[in-house]
>>> print(open('data02.txt').read())   # compact mmCIF, C-alpha atoms
# COMPACT_ATOMS: atom_id res chain seq x y z
CA MET A 1 -54.61 -84.74 -33.54
CA SER A 2 -58.09 -83.39 -33.92
CA LYS A 3 -58.79 -79.72 -34.42
CA ALA A 4 -59.35 -77.42 -31.47
CA GLY A 5 -62.89 -77.51 -30.14
CA ARG A 6 -63.73 -80.81 -31.80
CA PRO A 7 -64.00 -83.83 -29.48
CA ARG A 8 -61.94 -86.83 -30.45
CA GLU A 9 -63.81 -89.97 -31.45
CA PHE A 10 -62.36 -93.16 -29.99
CA GLN A 11 -62.94 -96.24 -32.11
CA GLY A 12 -61.46 -99.05 -30.01
CA GLY A 13 -62.69 -101.12 -27.12
CA PRO A 14 -63.20 -99.73 -23.61
CA ARG A 15 -59.65 -100.57 -22.46
CA ALA A 16 -58.07 -99.44 -25.71
CA ASN A 17 -60.07 -96.21 -25.59
CA GLU A 18 -58.97 -95.61 -22.00
CA LEU A 19 -55.34 -96.04 -23.03
CA ALA A 20 -55.96 -93.71 -25.96
CA ARG A 21 -57.43 -91.09 -23.60
CA PHE A 22 -54.33 -91.41 -21.44
CA LEU A 23 -52.12 -90.81 -24.49
CA CYS A 24 -54.24 -87.84 -25.59
CA GLU A 25 -53.96 -86.34 -22.11
CA LEU A 26 -50.16 -86.61 -22.19
CA ALA A 27 -49.97 -85.21 -25.72
CA GLY A 28 -52.31 -82.33 -24.90
CA ARG A 29 -50.42 -81.43 -21.72
CA HIS A 30 -47.16 -81.10 -23.67
CA SER A 31 -48.75 -79.68 -26.87
CA LEU A 32 -47.74 -82.62 -29.04
CA THR A 33 -49.40 -83.38 -32.37
CA THR A 34 -49.18 -86.59 -34.36
CA ARG A 35 -46.49 -85.05 -36.56
CA THR A 36 -44.58 -83.79 -33.53
CA LEU A 37 -44.74 -87.21 -31.92
CA SER A 38 -43.49 -88.85 -35.09
CA THR A 39 -40.62 -86.35 -35.37
CA ARG A 40 -39.62 -86.23 -31.72
CA PHE A 41 -39.72 -89.99 -31.16
CA LYS A 42 -37.97 -91.13 -34.30
CA GLY A 43 -38.36 -94.75 -35.24
CA SER A 44 -41.58 -95.14 -33.28
CA ALA A 45 -44.25 -94.69 -35.95
CA SER A 46 -45.47 -92.35 -38.67
CA SER A 47 -47.98 -89.56 -38.09
CA SER A 48 -50.83 -91.66 -39.51
CA THR A 49 -49.95 -94.55 -37.18
CA TRP A 50 -49.89 -92.15 -34.26
CA ALA A 51 -53.40 -91.07 -35.19
CA LEU A 52 -54.48 -94.72 -34.88
CA TYR A 53 -52.77 -94.96 -31.47
CA LEU A 54 -54.57 -91.86 -30.24
CA ASN A 55 -58.08 -92.92 -31.30
CA GLY A 56 -57.80 -96.44 -29.86
CA THR A 57 -57.91 -98.27 -33.18
CA LYS A 58 -54.40 -99.67 -32.81
CA LEU A 59 -52.55 -100.68 -29.65
CA ILE A 60 -49.33 -98.75 -29.11
CA PRO A 61 -46.25 -100.91 -28.40
CA ALA A 62 -45.24 -101.08 -24.75
CA GLU A 63 -41.66 -99.96 -25.50
CA VAL A 64 -42.85 -96.84 -27.31
CA LEU A 65 -45.32 -96.03 -24.53
CA GLY A 66 -42.67 -96.36 -21.81
CA ARG A 67 -40.22 -94.26 -23.82
CA ILE A 68 -42.77 -91.46 -24.20
CA VAL A 69 -43.69 -91.37 -20.52
CA ARG A 70 -40.07 -91.44 -19.33
CA THR A 71 -39.11 -88.68 -21.75
CA LEU A 72 -42.01 -86.37 -20.92
CA PHE A 73 -41.51 -86.68 -17.14
CA SER A 74 -37.71 -86.91 -17.00
CA HIS A 75 -37.55 -83.74 -14.85
CA ASP A 76 -39.84 -85.18 -12.13
CA PRO A 77 -38.85 -88.69 -10.97
CA ARG A 78 -41.92 -89.18 -8.75
CA ALA A 79 -44.37 -88.13 -11.47
CA GLN A 80 -42.45 -90.30 -13.90
CA GLU A 81 -42.82 -93.32 -11.62
CA PHE A 82 -46.54 -92.71 -11.19
CA TYR A 83 -47.26 -92.28 -14.91
CA VAL A 84 -45.10 -95.25 -15.87
CA THR A 85 -47.10 -97.44 -13.48
CA GLU A 86 -50.39 -96.08 -14.81
CA ALA A 87 -49.30 -96.58 -18.42
CA LYS A 88 -48.31 -100.20 -17.74
CA ARG A 89 -51.65 -100.90 -16.10
CA LEU A 90 -53.64 -99.39 -18.97
CA TRP A 91 -51.53 -101.10 -21.60
CA LYS A 92 -51.91 -104.55 -20.00
CA ALA A 93 -55.68 -104.08 -19.82
CA ALA A 94 -55.82 -102.98 -23.47
CA GLU A 95 -53.64 -105.91 -24.53
CA ALA A 96 -55.87 -108.39 -22.67
CA GLU A 97 -58.90 -106.85 -24.36
CA THR A 98 -57.26 -107.11 -27.77
CA GLU A 99 -56.33 -110.76 -27.25
CA ALA A 100 -59.83 -111.63 -26.03
CA GLY A 101 -61.34 -110.22 -29.22
CA PRO A 102 -64.22 -107.78 -29.65
CA VAL A 103 -66.77 -107.73 -26.81
CA GLN A 104 -70.28 -108.73 -27.79
CA ASP A 105 -72.95 -106.22 -27.00
CA GLY A 106 -74.88 -107.62 -24.04
CA GLY A 107 -77.25 -104.71 -23.52
CA PRO A 108 -77.44 -102.42 -20.51
CA GLN A 109 -75.94 -104.96 -18.10
CA THR A 110 -72.70 -105.12 -20.11
CA GLU A 111 -72.45 -101.34 -20.05
CA ILE A 112 -73.03 -101.30 -16.28
CA VAL A 113 -70.29 -103.90 -15.77
CA ARG A 114 -67.89 -101.82 -17.85
CA LEU A 115 -68.73 -98.72 -15.84
CA TYR A 116 -68.10 -100.60 -12.59
CA GLU A 117 -64.76 -101.83 -13.87
CA ARG A 118 -63.74 -98.36 -14.93
CA LEU A 119 -64.86 -96.98 -11.57
CA ASN A 120 -62.80 -99.61 -9.78
CA GLU A 121 -59.74 -98.81 -11.86
CA ALA A 122 -60.22 -95.09 -11.24
CA THR A 123 -60.50 -95.76 -7.51
CA GLU A 124 -57.28 -97.76 -7.54
CA GLY A 125 -55.56 -95.00 -9.46
CA MET A 126 -56.75 -92.43 -6.93
CA ALA A 127 -55.43 -94.59 -4.08
CA LYS A 128 -52.04 -94.83 -5.76
CA ALA A 129 -51.97 -91.09 -6.34
CA ARG A 130 -52.76 -90.43 -2.68
CA SER A 131 -50.05 -92.87 -1.64
CA VAL A 132 -47.53 -91.04 -3.80
CA ALA A 133 -48.69 -87.69 -2.39
CA HIS A 134 -48.38 -89.01 1.17
CA GLU A 135 -44.87 -90.25 0.46
CA SER A 136 -44.01 -86.88 -1.03
CA GLU A 137 -45.29 -85.12 2.09
CA ARG A 138 -43.19 -87.41 4.27
CA VAL A 139 -40.09 -86.68 2.23
CA VAL A 140 -40.84 -82.96 2.31
CA GLY A 141 -41.24 -83.16 6.09
CA MET A 142 -37.78 -84.72 6.32
CA LEU A 143 -36.25 -82.14 4.03
CA ILE A 144 -37.59 -79.08 5.88
CA PRO A 145 -35.46 -79.58 9.07
CA MET A 146 -32.46 -80.42 6.92
CA ALA A 147 -32.94 -77.23 4.94
CA ALA A 148 -33.25 -75.23 8.18
CA LEU A 149 -30.02 -76.77 9.49
CA LEU A 150 -28.17 -75.98 6.27
CA GLN A 151 -29.51 -72.43 6.33
CA SER A 152 -28.24 -72.01 9.90
CA ARG A 153 -24.81 -73.31 8.91
CA ILE A 154 -24.73 -70.95 5.95
CA GLU A 155 -25.53 -67.97 8.19
CA THR A 156 -22.89 -69.01 10.75
CA LEU A 157 -20.18 -69.49 8.15
CA THR A 158 -21.12 -66.22 6.47
CA GLY A 159 -20.73 -64.39 9.80
CA GLU A 160 -17.35 -66.01 10.47
CA LEU A 161 -16.17 -65.11 6.99
CA SER A 162 -17.24 -61.49 7.47
CA ARG A 163 -15.42 -61.26 10.80
CA ALA A 164 -12.27 -62.79 9.32
CA LEU A 165 -12.36 -60.28 6.48
CA GLU A 166 -12.77 -57.42 8.96
CA ARG A 167 -9.75 -58.63 10.95
CA GLU A 168 -7.64 -58.89 7.82
CA ARG A 169 -8.75 -55.44 6.71
CA ALA A 170 -7.93 -53.91 10.11
CA LEU A 171 -4.51 -55.58 10.15
CA ALA A 172 -3.76 -54.34 6.64
CA GLU A 173 -4.78 -50.79 7.62
CA LEU A 174 -2.51 -50.96 10.69
CA HIS A 175 0.46 -52.08 8.58
CA LEU A 176 -0.25 -49.34 6.07
CA ALA A 177 -0.39 -46.68 8.80
CA GLN A 178 2.91 -47.89 10.26
CA ALA A 179 4.53 -47.82 6.84
CA ARG A 180 3.29 -44.27 6.24
CA LEU A 181 4.62 -43.17 9.64
CA ARG A 182 8.04 -44.63 8.90
CA LEU A 183 8.03 -42.93 5.52
CA GLU A 184 7.17 -39.58 7.09
CA ARG A 185 9.99 -39.97 9.61
CA THR A 186 12.61 -40.99 7.12
CA GLY A 187 11.54 -39.28 3.94
CA PRO A 188 12.49 -40.13 0.38
CA ASN A 189 16.16 -38.92 0.80
CA TRP A 190 16.81 -40.87 3.98
CA PRO A 191 20.31 -42.17 2.99
CA GLU A 192 21.66 -38.63 2.37
CA ARG A 193 20.09 -37.35 5.57
CA ARG A 194 21.55 -40.23 7.54
CA ALA A 195 25.03 -39.60 6.16
CA THR A 196 24.75 -35.90 7.03
CA ALA A 197 23.60 -36.64 10.56
CA THR A 198 26.43 -39.09 11.06
CA ALA A 199 28.98 -36.56 9.85
CA ARG A 200 27.60 -33.91 12.18
CA SER A 201 27.70 -36.20 15.19
CA MET A 202 31.39 -37.00 14.72
CA PRO A 203 33.88 -34.33 16.10
CA ASN A 204 36.20 -32.68 13.66
CA LYS A 205 39.46 -34.24 14.85
CA PRO A 206 42.70 -33.51 12.99
CA TRP A 207 45.07 -36.24 12.09
CA ARG A 208 47.37 -37.20 14.85
CA ARG A 209 50.81 -35.72 14.47
CA ARG A 210 53.66 -38.04 14.09
CA HIS A 211 56.63 -37.15 16.28
CA TRP A 212 60.16 -37.57 15.10
CA LYS A 213 62.82 -38.60 17.52
CA PRO A 214 66.47 -38.80 16.88
CA ALA A 215 67.97 -42.23 17.33
CA ARG A 216 71.52 -43.25 17.77
CA ARG A 217 72.98 -46.01 15.72
CA SER A 218 76.54 -47.22 15.79
CA ASN A 219 78.29 -47.34 12.42
CA GLY A 220 80.81 -49.86 13.68
CA CYS A 221 83.66 -47.38 14.05
CA GLY A 222 82.94 -46.16 17.52
CA SER A 223 81.20 -43.04 16.27
CA ARG A 224 77.52 -42.61 16.10
CA SER A 225 75.68 -41.39 13.03
CA ARG A 226 72.64 -39.21 13.19
CA THR A 227 69.52 -40.97 12.01
CA TRP A 228 65.86 -40.32 12.44
CA SER A 229 63.20 -42.82 13.28
CA ARG A 230 59.52 -42.13 13.11
CA ARG A 231 57.83 -43.23 16.22
CA ARG A 232 54.43 -42.57 17.68
CA ARG A 233 54.02 -41.02 21.04
CA ARG A 234 52.15 -43.98 22.45
CA SER A 235 54.96 -46.40 21.61
CA GLY A 236 57.05 -45.11 24.53
CA PRO A 237 60.82 -45.04 24.84
CA CYS A 238 62.90 -47.88 23.50
CA ARG A 239 64.65 -50.12 25.93
CA ARG A 240 68.43 -50.10 25.71
CA SER A 241 71.02 -52.19 27.44
CA SER A 242 73.38 -49.23 27.93
CA PRO A 243 72.48 -45.93 29.52
CA ARG A 244 71.37 -43.21 27.16
CA ARG A 245 73.98 -40.66 26.25
CA ASN A 246 73.72 -37.23 24.81
CA PRO A 247 74.28 -36.93 21.10
CA PRO A 248 77.78 -35.76 20.04
CA TRP A 249 76.55 -32.43 18.74
CA THR A 250 75.12 -31.31 22.05
>>> encode(input="data02.txt", output="C-alpha cells")
Amino acid sequence: MSKAGRPREFQGGPRANELARFLCELAGRHSLTTRTLSTRFKGSASSSTWALYLNGTKLIPAEVLGRIVRTLFSHDPRAQEFYVTEAKRLWKAAEAETEAGPVQDGGPQTEIVRLYERLNEATEGMAKARSVAHESERVVGMLIPMAALLQSRIETLTGELSRALERERALAELHLAQARLRLERTGPNWPERRATATARSMPNKPWRRRHWKPARRSNGCGSRSRTWSRRRRRSGPCRRSSPRRNPPWT
C-alpha cells in the first residue's frame, strides 16, 4: 500500500478503479497492507500482485474477492451480505469493462456519461444500504419485546429461586434448633443417665423366699419316710386322694 499521507494513484479504467477503491477501503478499515494480504490469504497472490489489484491495473479474481469480504465481515452477517453484494456488482462491472477493452477518450461528454453512471450506481448502493438498515430496524423492533419478556422471566425465576432458598434455610435452621434442644436435654452421657434413672425408678425388692414343706412319701413298707420338696407359696397345696395325716414324729 502507499505511504501515509500520499494519495493512491489508480491506473485502470473507471470500473476497475472503483473496484480498486472498494478494496482499498476494506484494507484501510482493517489495517491490511499488501504483504499482510498476501500472508493472511495464502494462495491468493503475492504482495506485488496485490499492489496491482489495489491500483486497478489488474482485475482481482472473483473467488479471492469473495473470500476476503466473507473473512473480514464474518462477525456481522448483515454487513457481510451487504459487502458481498456490493463486491459482486463492482466486480461484474470491472469485468465487463475489461472485456470491452480500453474506452476511447470522447472528450467532456464521455466524462459526463461516466459521472452519471457512477452517480446512478452510488444511488443504487445507497438504496440497498437503506433497505438493509430498514430491515435491521424491523428485526430490532421484534427483538426488543422478546428481550423484555425474557428479562421478566429471568426476574420471576430469580425471585422464586430466592424464596425457595429462604424456605430451605429456615427449615434447616429449625432442624438444627431441634437437634440442639434434644442434645441439651439428653447430654453426651445419655445412656449412663438413662440406666441410672431406670435403676432409681425400680423398687429395691429382695428375692422371693422359697418355702420348704415336708412331704410324705410311702416307701412301700407301710411306713412313711421324711422327704422335703421345694414348693413356692403360689403353687398351693397338692391334691391327694386320701386325707392328710400328721407325720409320725408329731
>>> residues_around(input="data02.txt", residues="Thr71 (chain A)", least_positions_apart="5", cutoff="12 Å", atoms="all atoms listed in the file", output="ChimeraX atom specification")
/A:26,30,37,40-41,64-66,76-77,79-81,83-84
>>> residues_around(input="data02.txt", residues="region 127-140 of chain A", least_positions_apart="5", cutoff="9 Å", atoms="all atoms listed in the file", output="PyMOL selection string")
chain A and resi 78-79+82+122
>>> write_last_selection(input="data02.txt", atoms="C-alpha atoms", output="PDB file, in the frame of the given file")
ATOM      1  CA  ARG A  78     -41.920 -89.180  -8.750  1.00  0.00           C
ATOM      2  CA  ALA A  79     -44.370 -88.130 -11.470  1.00  0.00           C
ATOM      3  CA  PHE A  82     -46.540 -92.710 -11.190  1.00  0.00           C
ATOM      4  CA  ALA A 122     -60.220 -95.090 -11.240  1.00  0.00           C
TER       5      ALA A 122
END
>>> atom_distance(input="data02.txt", atom1="CA of Ala94 (chain A)", atom2="CA of Tyr116 (chain A)")
16.6 Å
>>> residues_near_point(input="data02.txt", point="(-46.8, -86.7, -36.0)", cutoff="10 Å", atoms="all atoms listed in the file", output="VMD selection string")
chain A and resid 1 32 to 41 45 to 51
>>> write_last_selection(input="data02.txt", atoms="C-alpha atoms", output="PDB file, in the frame of the given file")
ATOM      1  CA  MET A   1     -54.610 -84.740 -33.540  1.00  0.00           C
ATOM      2  CA  LEU A  32     -47.740 -82.620 -29.040  1.00  0.00           C
ATOM      3  CA  THR A  33     -49.400 -83.380 -32.370  1.00  0.00           C
ATOM      4  CA  THR A  34     -49.180 -86.590 -34.360  1.00  0.00           C
ATOM      5  CA  ARG A  35     -46.490 -85.050 -36.560  1.00  0.00           C
ATOM      6  CA  THR A  36     -44.580 -83.790 -33.530  1.00  0.00           C
ATOM      7  CA  LEU A  37     -44.740 -87.210 -31.920  1.00  0.00           C
ATOM      8  CA  SER A  38     -43.490 -88.850 -35.090  1.00  0.00           C
ATOM      9  CA  THR A  39     -40.620 -86.350 -35.370  1.00  0.00           C
ATOM     10  CA  ARG A  40     -39.620 -86.230 -31.720  1.00  0.00           C
ATOM     11  CA  PHE A  41     -39.720 -89.990 -31.160  1.00  0.00           C
ATOM     12  CA  ALA A  45     -44.250 -94.690 -35.950  1.00  0.00           C
ATOM     13  CA  SER A  46     -45.470 -92.350 -38.670  1.00  0.00           C
ATOM     14  CA  SER A  47     -47.980 -89.560 -38.090  1.00  0.00           C
ATOM     15  CA  SER A  48     -50.830 -91.660 -39.510  1.00  0.00           C
ATOM     16  CA  THR A  49     -49.950 -94.550 -37.180  1.00  0.00           C
ATOM     17  CA  TRP A  50     -49.890 -92.150 -34.260  1.00  0.00           C
ATOM     18  CA  ALA A  51     -53.400 -91.070 -35.190  1.00  0.00           C
TER      19      ALA A  51
END
